[in-house]
Amino acid sequence: MTGTQSASRGLTRRDFLKVGVAGATGLAAAGSMTGCGAWLGAATQQAADEKTVYTLHQFMCTGRCSLKCTVRDGRLAMIQPNDTVDPYYRHVCVKGISEIQHVYSDERLQSPMRRVGARGEGSFEVISWDEAIKTVGDELRKAWDKYGKQSVYMSASNEPRFGFLPALLGCATGVEPGIDRGTGNGSAPAIGGDVFGGGTNETRDWVNTKTLVISGTNLLESSMMQSNTFLDAKKAGCEIIVLDPHFSTTAGKASKWIPVIPGTDAAFYLGMVSYILDNKLYNEAYMREHTSFPFLMDEATGKLLRTGAAWGTDEETGEPVDPGDFMVWDGAKGAAVPYADAVATAALEGSFDVDGKKAITVLESLKRNQRPYTCEWAEGVCGASAETIAEVARKYATGGPAYLAFGQGGSDKYSNPDIIGHAGMVLVSLTGNIGKPGCGIGHGIGGGGYSVTLGEWELPEQFKPAELDIRSDRFPDRDGGVHVIISLGNTFQQYWANMNKTREWIDSLDFIVHIGMYYEDTVKYADIVLPVCSKFEDTVEHSIVRSDYNHVNLQTKCIDPLFESKPDFDVMRLIAEEMGVGEYLPKTAEELVRYQIEHSEDLAEQGITLAELEKNHGSMKMADVDEPRRAYTDLKFETPTTRMEPYYEAWKPCEQAWPNWEENNEAYVGNPLAEKYPLQFTQTRTRFSNHSHFKAAKWVQQFAKPTLELNPVDMASRGIADGDLVEAFNDRGSFKCVARANNAVRPGSCRTWEAGWSKYIEEGNTQNVTNDHVNPRDEYLPTGAPIPYNDTLVEVKKA
């Protein structure tokens, strides 16, 4: 809020935070305390009513920690690791410990509010829950009548329990894959796998890896709770090679750091592919038996040759099903035959005449396509020496079990990360580094361990989310027919680049409801604000059961909801009831938890019940998880042929059937724009927060105040000293913050932490400058082109 007084009660936001909501009602649970400052004052020694509660940490934190919480006199007092779990998983980081200050933060939204000023001004009045929910209902019905149900879009950037609401309301949701899926776009088609690019093996399996190549992630910062798997691998003798433009924490602990030019990871991998091909370091037996490399294609068109088998139809979706009826050249028969008829005798290379057409194998096509991408060419693009690229390729292909660990939050935030994922899959297809101990590909966020299938509360068939033809980050450029936004958390800060253009679109919306815990950037654009409480607060004893990282974990209530906030499940139910569909939901979150546990065959087989979870302090290790999870151990993949298929025929029109190098949209050597804006701008991950979360704790802010880091060389040439106020700017906009000198930052670059709240910098918003370019091959990518936040050029000057 600004200093403008509200229309009904004469309260500014500052006044509101001081006095709370109508005095005692919302403050009873908090002991008349609206922020953590007073609560953290000097303590006197006295007897206290104390209890211990075991619960889980929230979804947005990738550590998946089980927590031991101390509650004194109804207040959350201390957070520690759950001391009853396996010591290997007994951990917590600064984000978990500082949740105390998130719970008791001055940034807490305390009561429902209604906007009384212009959007973006931040002036609100306090209203009741009844009035707020009725207003939401009225506006939804108005939009339905005027535009249809598909005009409502639910955008989620926190960890809400609103999963049923899109189907119940018939609104669209989840079309926000512009973050964290860029590399997975390129890797998924080869194996029919995870579009997020999730690791095929659990990171615990790195202890069996001999060569681990990590790119695009500062793992020891962004996923601290996996540092044990990283360090275990290093201790076991794994050579860990890190590609990163900057000298990161992970690079500092690795065996070798290779600084590359920002956004050029794919060029490094293409050089590796060529070296392996030129030196015949590939695994012919694996390629012949488990990949599409022997398949024949029409040399002129690039189309794979088929037998002409009939296509099927998916019974559930009605989509066509590819019969995978591809052909190979049988060297024994001297003829083209179905691939399954010549597994051992299929030719890997060569040119053949098939029914009057000149055909070549897929491998032959790759070799021809790779001719320009020598190690020397890669050196000129990515900056790493040709010798270094060759050395890494040789170790990856011949040095024992090898793993390519792609990251999130780094090189996936350019316009070309699908090429990284695709080139990585070509490397795997050539060497067979998959499905075996120590071998795999993909990111390792969250540990990637075993999980179980929980019971699913099903809604009647008539309830389905709407489908949109475009992604949410494209709404400012293309009319998606969306007029109402239900924003769960800090979505406008997290999912939209080029904020000045985004604000124009925001102003065109009919209605915005913000549902969240903090007074973050998105709040000031809302028409109605609904406060949810933290996962440590609840109205029921248990509201979440979660299965991942080799455990089943239970959320347990620590304290009552503070102020007038409500658990997100309760808010979802209030909206559903207002819209006349509440009867289809569980009555409480605890009813849902019980249903998920009682209707899970996996849990029943392991004897895991709600009572057992409570008895075991909210966390139970799954059975048979001592060996790390490994996918595709049978070397059967989720493709039409069950083989790895690194050739993407469907991408031929966009010239990416094979991974072909493509310059970034903005941050590339030789871009004329760099004469005006010479610094590449990065938003990077940090151990202090995840995305736009965990920003509101003063403990963290001591160390994590947003700054703009530059190399001292770049600062000196601009007359900037450490601690100076600077302005970063380009044609899209600008922001101002304090500059910090850091030799770890690559010269020619500047960086800050991802999705920082604008209130914590001196002026503007970091998203004012970020690139919102849409890659032309958007329609060919499984989740669409990524938002190229880091594919951004700026200039920086002393403010």
# chains A, B, ... in the order shown; residues from 1 in each chain; ligands from 1
$ select_by_dssp --residues "segment 432-605 of chain A" --states "helix (DSSP H, G or I)" --output "VMD selection string"
chain A and resid 472 to 474 491 to 495 499 to 508 521 to 525 568 to 578 582 to 584 589 to 598 601 to 605
$ closest_residue --among "A:Glu379, A:Asp548, A:Glu391, A:Glu299" --to "Ser66 of chain A" --atoms "only C-alpha atoms"
A:Asp548
$ residues_around --residues "segment 143-160 of chain A" --least-positions-apart "4" --cutoff "8 Å" --atoms "only C-alpha atoms" --output "JSON, numbers by chain"
{"A": [58, 59, 60, 139, 166, 169, 170, 171, 172, 173, 174, 176, 466, 467, 468, 481, 482, 483, 484, 485, 486, 487, 488, 489, 490, 491, 494, 495, 568, 569, 693]}
$ residues_around --residues "Lys566 of chain A" --least-positions-apart "2" --cutoff "9 Å" --atoms "only C-alpha atoms" --output "ChimeraX atom specification"
/A:530-534,537-539,561-564,568-571
$ closest_atom_pairs --of "segment 649-713 of chain A" --to "segment 423-435 of chain A" --cutoff "12 Å" --atoms "only C-alpha atoms" --output "Markdown table"
| residue | atom | partner | partner_atom | distance |
| --- | --- | --- | --- | --- |
| A:Gln656 | CA | A:Ala423 | CA | 10.5 |
| A:Ala657 | CA | A:Ala423 | CA | 11.0 |
| A:Trp658 | CA | A:Ala423 | CA | 8.1 |
| A:Pro659 | CA | A:Ala423 | CA | 5.7 |
| A:Asn660 | CA | A:Ala423 | CA | 8.7 |
| A:Trp661 | CA | A:Ala423 | CA | 9.8 |
$ residues_around --residues "segment 108-117 of chain A" --least-positions-apart "6" --cutoff "7 Å" --atoms "only C-alpha atoms" --output "compact mmCIF listing (two decimals) with C-alpha atoms, in the first residue's frame"
# COMPACT_ATOMS: atom_id res chain seq x y z
CA SER A 6 -8.54 3.62 2.80
CA ALA A 7 -12.04 4.78 2.00
CA VAL A 21 -7.85 -6.09 12.11
CA SER A 123 -4.43 1.38 -1.69
CA PHE A 124 -6.93 -0.99 -0.05
CA GLU A 125 -9.69 -1.13 2.52
CA VAL A 126 -10.29 -3.98 4.96
CA ILE A 127 -13.44 -6.00 4.39
CA SER A 128 -14.97 -9.14 5.88
CA TRP A 129 -14.50 -12.64 4.51
CA ALA A 132 -14.75 -10.67 -0.06
CA MET A 517 0.34 -14.97 2.46
CA TYR A 518 2.47 -11.86 1.95
CA TYR A 519 2.25 -8.33 0.68
CA ALA A 526 -5.48 -7.07 -7.19
CA ASP A 527 -9.10 -6.00 -6.79
CA ILE A 528 -9.69 -8.42 -3.91
CA VAL A 529 -7.01 -9.83 -1.62
CA LEU A 530 -7.59 -13.03 0.36
CA PRO A 531 -5.03 -13.89 3.07
CA PHE A 563 -4.90 -12.74 12.20
CA GLU A 564 -7.87 -13.38 9.89
CA SER A 565 -5.95 -15.64 7.52
$ residues_around --residues "Trp377 of chain A" --least-positions-apart "2" --cutoff "10 Å" --atoms "only C-alpha atoms" --output "PyMOL selection string"
chain A and resi 267-268+270-271+372-375+379-383+385-386
$ select_by_dssp --residues "segment 32-276 of chain A" --states "strand (DSSP E or B)" --output "PDB file with N, CA, C and O atoms, in the first residue's frame"
ATOM      1  N   GLU A  50       4.982 -25.877  26.499  1.00  0.00           N
ATOM      2  CA  GLU A  50       5.780 -26.213  25.324  1.00  0.00           C
ATOM      3  C   GLU A  50       5.372 -27.566  24.772  1.00  0.00           C
ATOM      4  O   GLU A  50       5.095 -28.502  25.522  1.00  0.00           O
ATOM      5  N   LYS A  51       5.358 -27.660  23.454  1.00  0.00           N
ATOM      6  CA  LYS A  51       5.088 -28.929  22.795  1.00  0.00           C
ATOM      7  C   LYS A  51       5.950 -29.041  21.539  1.00  0.00           C
ATOM      8  O   LYS A  51       6.427 -28.036  20.994  1.00  0.00           O
ATOM      9  N   THR A  52       6.127 -30.269  21.088  1.00  0.00           N
ATOM     10  CA  THR A  52       6.885 -30.540  19.873  1.00  0.00           C
ATOM     11  C   THR A  52       5.944 -31.072  18.816  1.00  0.00           C
ATOM     12  O   THR A  52       5.140 -31.978  19.084  1.00  0.00           O
ATOM     13  N   VAL A  53       6.040 -30.512  17.624  1.00  0.00           N
ATOM     14  CA  VAL A  53       5.200 -30.929  16.497  1.00  0.00           C
ATOM     15  C   VAL A  53       6.118 -31.303  15.336  1.00  0.00           C
ATOM     16  O   VAL A  53       7.035 -30.556  14.989  1.00  0.00           O
ATOM     17  N   TYR A  54       5.856 -32.452  14.728  1.00  0.00           N
ATOM     18  CA  TYR A  54       6.621 -32.890  13.566  1.00  0.00           C
ATOM     19  C   TYR A  54       5.778 -32.641  12.320  1.00  0.00           C
ATOM     20  O   TYR A  54       4.622 -33.068  12.242  1.00  0.00           O
ATOM     21  N   THR A  55       6.362 -31.961  11.348  1.00  0.00           N
ATOM     22  CA  THR A  55       5.602 -31.608  10.158  1.00  0.00           C
ATOM     23  C   THR A  55       6.533 -31.634   8.946  1.00  0.00           C
ATOM     24  O   THR A  55       7.704 -32.014   9.042  1.00  0.00           O
ATOM     25  N   LEU A  56       6.025 -31.252   7.808  1.00  0.00           N
ATOM     26  CA  LEU A  56       6.827 -31.233   6.589  1.00  0.00           C
ATOM     27  C   LEU A  56       7.056 -29.802   6.137  1.00  0.00           C
ATOM     28  O   LEU A  56       6.309 -28.897   6.502  1.00  0.00           O
ATOM     29  N   SER A  66      11.728 -32.933   6.479  1.00  0.00           N
ATOM     30  CA  SER A  66      10.790 -33.198   7.559  1.00  0.00           C
ATOM     31  C   SER A  66      11.291 -32.418   8.768  1.00  0.00           C
ATOM     32  O   SER A  66      12.479 -32.451   9.091  1.00  0.00           O
ATOM     33  N   LEU A  67      10.384 -31.707   9.452  1.00  0.00           N
ATOM     34  CA  LEU A  67      10.785 -30.732  10.463  1.00  0.00           C
ATOM     35  C   LEU A  67      10.288 -31.084  11.860  1.00  0.00           C
ATOM     36  O   LEU A  67       9.221 -31.677  12.027  1.00  0.00           O
ATOM     37  N   LYS A  68      11.065 -30.672  12.834  1.00  0.00           N
ATOM     38  CA  LYS A  68      10.687 -30.746  14.239  1.00  0.00           C
ATOM     39  C   LYS A  68      10.479 -29.312  14.719  1.00  0.00           C
ATOM     40  O   LYS A  68      11.411 -28.509  14.712  1.00  0.00           O
ATOM     41  N   CYS A  69       9.258 -29.007  15.133  1.00  0.00           N
ATOM     42  CA  CYS A  69       8.915 -27.642  15.508  1.00  0.00           C
ATOM     43  C   CYS A  69       8.595 -27.560  16.998  1.00  0.00           C
ATOM     44  O   CYS A  69       7.825 -28.371  17.521  1.00  0.00           O
ATOM     45  N   THR A  70       9.174 -26.569  17.635  1.00  0.00           N
ATOM     46  CA  THR A  70       8.888 -26.309  19.038  1.00  0.00           C
ATOM     47  C   THR A  70       7.881 -25.169  19.124  1.00  0.00           C
ATOM     48  O   THR A  70       8.099 -24.098  18.540  1.00  0.00           O
ATOM     49  N   VAL A  71       6.787 -25.427  19.832  1.00  0.00           N
ATOM     50  CA  VAL A  71       5.739 -24.421  20.024  1.00  0.00           C
ATOM     51  C   VAL A  71       5.674 -24.090  21.506  1.00  0.00           C
ATOM     52  O   VAL A  71       5.485 -24.982  22.344  1.00  0.00           O
ATOM     53  N   ARG A  72       5.863 -22.808  21.845  1.00  0.00           N
ATOM     54  CA  ARG A  72       5.800 -22.358  23.238  1.00  0.00           C
ATOM     55  C   ARG A  72       4.699 -21.332  23.389  1.00  0.00           C
ATOM     56  O   ARG A  72       4.657 -20.336  22.659  1.00  0.00           O
ATOM     57  N   ARG A  75       3.005 -20.203  20.307  1.00  0.00           N
ATOM     58  CA  ARG A  75       3.781 -19.544  19.265  1.00  0.00           C
ATOM     59  C   ARG A  75       4.852 -20.489  18.729  1.00  0.00           C
ATOM     60  O   ARG A  75       5.474 -21.233  19.493  1.00  0.00           O
ATOM     61  N   LEU A  76       5.055 -20.443  17.434  1.00  0.00           N
ATOM     62  CA  LEU A  76       6.128 -21.209  16.823  1.00  0.00           C
ATOM     63  C   LEU A  76       7.456 -20.611  17.286  1.00  0.00           C
ATOM     64  O   LEU A  76       7.732 -19.428  17.055  1.00  0.00           O
ATOM     65  N   ALA A  77       8.287 -21.413  17.963  1.00  0.00           N
ATOM     66  CA  ALA A  77       9.478 -20.871  18.597  1.00  0.00           C
ATOM     67  C   ALA A  77      10.782 -21.357  17.978  1.00  0.00           C
ATOM     68  O   ALA A  77      11.786 -20.644  18.007  1.00  0.00           O
ATOM     69  N   MET A  78      10.810 -22.567  17.434  1.00  0.00           N
ATOM     70  CA  MET A  78      12.060 -23.096  16.896  1.00  0.00           C
ATOM     71  C   MET A  78      11.750 -24.157  15.853  1.00  0.00           C
ATOM     72  O   MET A  78      10.793 -24.917  15.987  1.00  0.00           O
ATOM     73  N   ILE A  79      12.582 -24.195  14.795  1.00  0.00           N
ATOM     74  CA  ILE A  79      12.443 -25.193  13.735  1.00  0.00           C
ATOM     75  C   ILE A  79      13.782 -25.912  13.590  1.00  0.00           C
ATOM     76  O   ILE A  79      14.831 -25.282  13.452  1.00  0.00           O
ATOM     77  N   GLN A  80      13.741 -27.234  13.650  1.00  0.00           N
ATOM     78  CA  GLN A  80      14.929 -28.067  13.534  1.00  0.00           C
ATOM     79  C   GLN A  80      14.626 -29.232  12.587  1.00  0.00           C
ATOM     80  O   GLN A  80      13.464 -29.476  12.247  1.00  0.00           O
ATOM     81  N   PRO A  81      15.658 -29.979  12.184  1.00  0.00           N
ATOM     82  CA  PRO A  81      15.380 -31.195  11.410  1.00  0.00           C
ATOM     83  C   PRO A  81      14.618 -32.201  12.267  1.00  0.00           C
ATOM     84  O   PRO A  81      14.785 -32.247  13.490  1.00  0.00           O
ATOM     85  N   ARG A 108       2.968 -10.105   6.368  1.00  0.00           N
ATOM     86  CA  ARG A 108       1.789 -10.970   6.335  1.00  0.00           C
ATOM     87  C   ARG A 108       0.550 -10.193   5.909  1.00  0.00           C
ATOM     88  O   ARG A 108       0.284  -9.087   6.382  1.00  0.00           O
ATOM     89  N   MET A 113      -9.062  -7.770   1.805  1.00  0.00           N
ATOM     90  CA  MET A 113      -9.022  -6.356   1.430  1.00  0.00           C
ATOM     91  C   MET A 113      -9.616  -6.161   0.039  1.00  0.00           C
ATOM     92  O   MET A 113      -9.632  -7.071  -0.782  1.00  0.00           O
ATOM     93  N   ARG A 114     -10.059  -4.918  -0.180  1.00  0.00           N
ATOM     94  CA  ARG A 114     -10.598  -4.520  -1.486  1.00  0.00           C
ATOM     95  C   ARG A 114      -9.842  -3.286  -1.960  1.00  0.00           C
ATOM     96  O   ARG A 114      -9.571  -2.362  -1.183  1.00  0.00           O
ATOM     97  N   ARG A 115      -9.495  -3.272  -3.236  1.00  0.00           N
ATOM     98  CA  ARG A 115      -8.785  -2.128  -3.799  1.00  0.00           C
ATOM     99  C   ARG A 115      -9.676  -0.898  -3.827  1.00  0.00           C
ATOM    100  O   ARG A 115     -10.838  -0.974  -4.223  1.00  0.00           O
ATOM    101  N   PHE A 124      -5.888  -0.012  -0.309  1.00  0.00           N
ATOM    102  CA  PHE A 124      -6.933  -0.990  -0.053  1.00  0.00           C
ATOM    103  C   PHE A 124      -7.719  -0.617   1.196  1.00  0.00           C
ATOM    104  O   PHE A 124      -7.260   0.139   2.035  1.00  0.00           O
ATOM    105  N   GLU A 125      -8.899  -1.209   1.297  1.00  0.00           N
ATOM    106  CA  GLU A 125      -9.689  -1.134   2.523  1.00  0.00           C
ATOM    107  C   GLU A 125      -9.937  -2.550   3.030  1.00  0.00           C
ATOM    108  O   GLU A 125     -10.009  -3.506   2.260  1.00  0.00           O
ATOM    109  N   VAL A 126     -10.022  -2.691   4.333  1.00  0.00           N
ATOM    110  CA  VAL A 126     -10.292  -3.975   4.965  1.00  0.00           C
ATOM    111  C   VAL A 126     -11.772  -4.301   4.845  1.00  0.00           C
ATOM    112  O   VAL A 126     -12.634  -3.443   5.079  1.00  0.00           O
ATOM    113  N   VAL A 152     -11.782 -17.093 -17.322  1.00  0.00           N
ATOM    114  CA  VAL A 152     -11.151 -17.030 -16.004  1.00  0.00           C
ATOM    115  C   VAL A 152      -9.891 -17.891 -16.048  1.00  0.00           C
ATOM    116  O   VAL A 152      -9.915 -19.022 -16.528  1.00  0.00           O
ATOM    117  N   TYR A 153      -8.798 -17.344 -15.534  1.00  0.00           N
ATOM    118  CA  TYR A 153      -7.541 -18.083 -15.511  1.00  0.00           C
ATOM    119  C   TYR A 153      -6.980 -18.084 -14.101  1.00  0.00           C
ATOM    120  O   TYR A 153      -6.914 -17.044 -13.440  1.00  0.00           O
ATOM    121  N   MET A 154      -6.570 -19.274 -13.618  1.00  0.00           N
ATOM    122  CA  MET A 154      -5.961 -19.390 -12.299  1.00  0.00           C
ATOM    123  C   MET A 154      -4.461 -19.577 -12.452  1.00  0.00           C
ATOM    124  O   MET A 154      -3.995 -20.532 -13.059  1.00  0.00           O
ATOM    125  N   SER A 155      -3.714 -18.628 -11.909  1.00  0.00           N
ATOM    126  CA  SER A 155      -2.262 -18.613 -12.034  1.00  0.00           C
ATOM    127  C   SER A 155      -1.657 -18.929 -10.671  1.00  0.00           C
ATOM    128  O   SER A 155      -1.989 -18.285  -9.677  1.00  0.00           O
ATOM    129  N   ALA A 156      -0.753 -19.917 -10.615  1.00  0.00           N
ATOM    130  CA  ALA A 156      -0.238 -20.374  -9.326  1.00  0.00           C
ATOM    131  C   ALA A 156       1.273 -20.313  -9.286  1.00  0.00           C
ATOM    132  O   ALA A 156       1.948 -20.903 -10.125  1.00  0.00           O
ATOM    133  N   ALA A 172      -9.197 -22.162 -16.884  1.00  0.00           N
ATOM    134  CA  ALA A 172      -7.910 -22.696 -17.309  1.00  0.00           C
ATOM    135  C   ALA A 172      -6.871 -22.469 -16.218  1.00  0.00           C
ATOM    136  O   ALA A 172      -6.996 -21.571 -15.392  1.00  0.00           O
ATOM    137  N   THR A 173      -5.847 -23.298 -16.247  1.00  0.00           N
ATOM    138  CA  THR A 173      -4.741 -23.139 -15.303  1.00  0.00           C
ATOM    139  C   THR A 173      -3.545 -23.911 -15.828  1.00  0.00           C
ATOM    140  O   THR A 173      -3.664 -24.720 -16.750  1.00  0.00           O
ATOM    141  N   GLY A 198      13.387 -34.016 -15.688  1.00  0.00           N
ATOM    142  CA  GLY A 198      13.772 -34.635 -14.421  1.00  0.00           C
ATOM    143  C   GLY A 198      14.791 -35.735 -14.604  1.00  0.00           C
ATOM    144  O   GLY A 198      14.793 -36.449 -15.609  1.00  0.00           O
ATOM    145  N   ASN A 201      17.904 -40.901 -13.120  1.00  0.00           N
ATOM    146  CA  ASN A 201      18.337 -41.605 -11.909  1.00  0.00           C
ATOM    147  C   ASN A 201      18.324 -40.630 -10.740  1.00  0.00           C
ATOM    148  O   ASN A 201      18.551 -39.430 -10.902  1.00  0.00           O
ATOM    149  N   THR A 211      31.957 -39.881 -14.278  1.00  0.00           N
ATOM    150  CA  THR A 211      32.049 -38.547 -14.884  1.00  0.00           C
ATOM    151  C   THR A 211      30.684 -37.876 -14.796  1.00  0.00           C
ATOM    152  O   THR A 211      29.723 -38.342 -15.410  1.00  0.00           O
ATOM    153  N   LEU A 212      30.606 -36.821 -14.014  1.00  0.00           N
ATOM    154  CA  LEU A 212      29.357 -36.077 -13.829  1.00  0.00           C
ATOM    155  C   LEU A 212      29.539 -34.681 -14.405  1.00  0.00           C
ATOM    156  O   LEU A 212      30.394 -33.913 -13.944  1.00  0.00           O
ATOM    157  N   VAL A 213      28.762 -34.361 -15.434  1.00  0.00           N
ATOM    158  CA  VAL A 213      28.826 -33.045 -16.070  1.00  0.00           C
ATOM    159  C   VAL A 213      27.587 -32.258 -15.646  1.00  0.00           C
ATOM    160  O   VAL A 213      26.456 -32.668 -15.921  1.00  0.00           O
ATOM    161  N   ILE A 214      27.801 -31.153 -14.961  1.00  0.00           N
ATOM    162  CA  ILE A 214      26.701 -30.315 -14.461  1.00  0.00           C
ATOM    163  C   ILE A 214      26.712 -28.999 -15.219  1.00  0.00           C
ATOM    164  O   ILE A 214      27.737 -28.306 -15.262  1.00  0.00           O
ATOM    165  N   SER A 215      25.586 -28.644 -15.819  1.00  0.00           N
ATOM    166  CA  SER A 215      25.492 -27.363 -16.520  1.00  0.00           C
ATOM    167  C   SER A 215      24.165 -26.700 -16.203  1.00  0.00           C
ATOM    168  O   SER A 215      23.164 -27.365 -15.942  1.00  0.00           O
ATOM    169  N   GLU A 239      34.527 -37.701 -11.035  1.00  0.00           N
ATOM    170  CA  GLU A 239      35.047 -36.430 -11.543  1.00  0.00           C
ATOM    171  C   GLU A 239      33.855 -35.548 -11.896  1.00  0.00           C
ATOM    172  O   GLU A 239      33.066 -35.883 -12.790  1.00  0.00           O
ATOM    173  N   ILE A 240      33.730 -34.450 -11.196  1.00  0.00           N
ATOM    174  CA  ILE A 240      32.592 -33.553 -11.369  1.00  0.00           C
ATOM    175  C   ILE A 240      33.034 -32.339 -12.168  1.00  0.00           C
ATOM    176  O   ILE A 240      33.923 -31.592 -11.753  1.00  0.00           O
ATOM    177  N   ILE A 241      32.416 -32.146 -13.318  1.00  0.00           N
ATOM    178  CA  ILE A 241      32.772 -31.071 -14.241  1.00  0.00           C
ATOM    179  C   ILE A 241      31.595 -30.105 -14.322  1.00  0.00           C
ATOM    180  O   ILE A 241      30.466 -30.518 -14.610  1.00  0.00           O
ATOM    181  N   VAL A 242      31.844 -28.841 -14.052  1.00  0.00           N
ATOM    182  CA  VAL A 242      30.783 -27.842 -14.018  1.00  0.00           C
ATOM    183  C   VAL A 242      30.970 -26.833 -15.153  1.00  0.00           C
ATOM    184  O   VAL A 242      32.046 -26.229 -15.278  1.00  0.00           O
ATOM    185  N   LEU A 243      29.931 -26.681 -15.978  1.00  0.00           N
ATOM    186  CA  LEU A 243      29.896 -25.619 -16.982  1.00  0.00           C
ATOM    187  C   LEU A 243      29.091 -24.468 -16.406  1.00  0.00           C
ATOM    188  O   LEU A 243      27.916 -24.634 -16.062  1.00  0.00           O
ATOM    189  N   LYS A 256      36.451 -29.799 -11.788  1.00  0.00           N
ATOM    190  CA  LYS A 256      36.862 -28.904 -12.872  1.00  0.00           C
ATOM    191  C   LYS A 256      35.743 -27.914 -13.162  1.00  0.00           C
ATOM    192  O   LYS A 256      34.575 -28.298 -13.241  1.00  0.00           O
ATOM    193  N   TRP A 257      36.119 -26.648 -13.269  1.00  0.00           N
ATOM    194  CA  TRP A 257      35.162 -25.601 -13.665  1.00  0.00           C
ATOM    195  C   TRP A 257      35.516 -25.140 -15.067  1.00  0.00           C
ATOM    196  O   TRP A 257      36.663 -24.779 -15.340  1.00  0.00           O
ATOM    197  N   ILE A 258      34.535 -25.156 -15.954  1.00  0.00           N
ATOM    198  CA  ILE A 258      34.734 -24.687 -17.324  1.00  0.00           C
ATOM    199  C   ILE A 258      33.849 -23.466 -17.544  1.00  0.00           C
ATOM    200  O   ILE A 258      32.619 -23.586 -17.674  1.00  0.00           O
TER     201      ILE A 258
END
$ closest_atom_pairs --of "segment 686-790 of chain A" --to "segment 411-421 of chain A" --cutoff "9 Å" --atoms "only C-alpha atoms" --output "tab-separated table"
residue	atom	partner	partner_atom	distance
A:His773	CA	A:Ser415	CA	7.8
A:Val774	CA	A:Ser415	CA	7.7
A:Asn775	CA	A:Ser415	CA	6.3
A:Leu781	CA	A:Asp418	CA	8.0
A:Ala785	CA	A:Ser415	CA	7.2
A:Pro786	CA	A:Ser415	CA	6.5
A:Ile787	CA	A:Lys413	CA	6.3
A:Pro788	CA	A:Tyr414	CA	4.2
A:Tyr789	CA	A:Lys413	CA	5.5
A:Asn790	CA	A:Lys413	CA	5.4
$ atom_distance --atom1 "atom CA of Lys797 of chain A" --atom2 "atom CA of Thr686 of chain A"
24.9 Å
$ closest_residue --among "A:Cys65, A:Val552, A:Ile470, A:Cys238" --to "Asn616 of chain A" --atoms "only C-alpha atoms"
A:Val552
$ closest_residue --among "A:Ala721, A:Val328, A:Ile512, A:Leu366" --to "Arg740 of chain A" --atoms "only C-alpha atoms"
A:Ala721
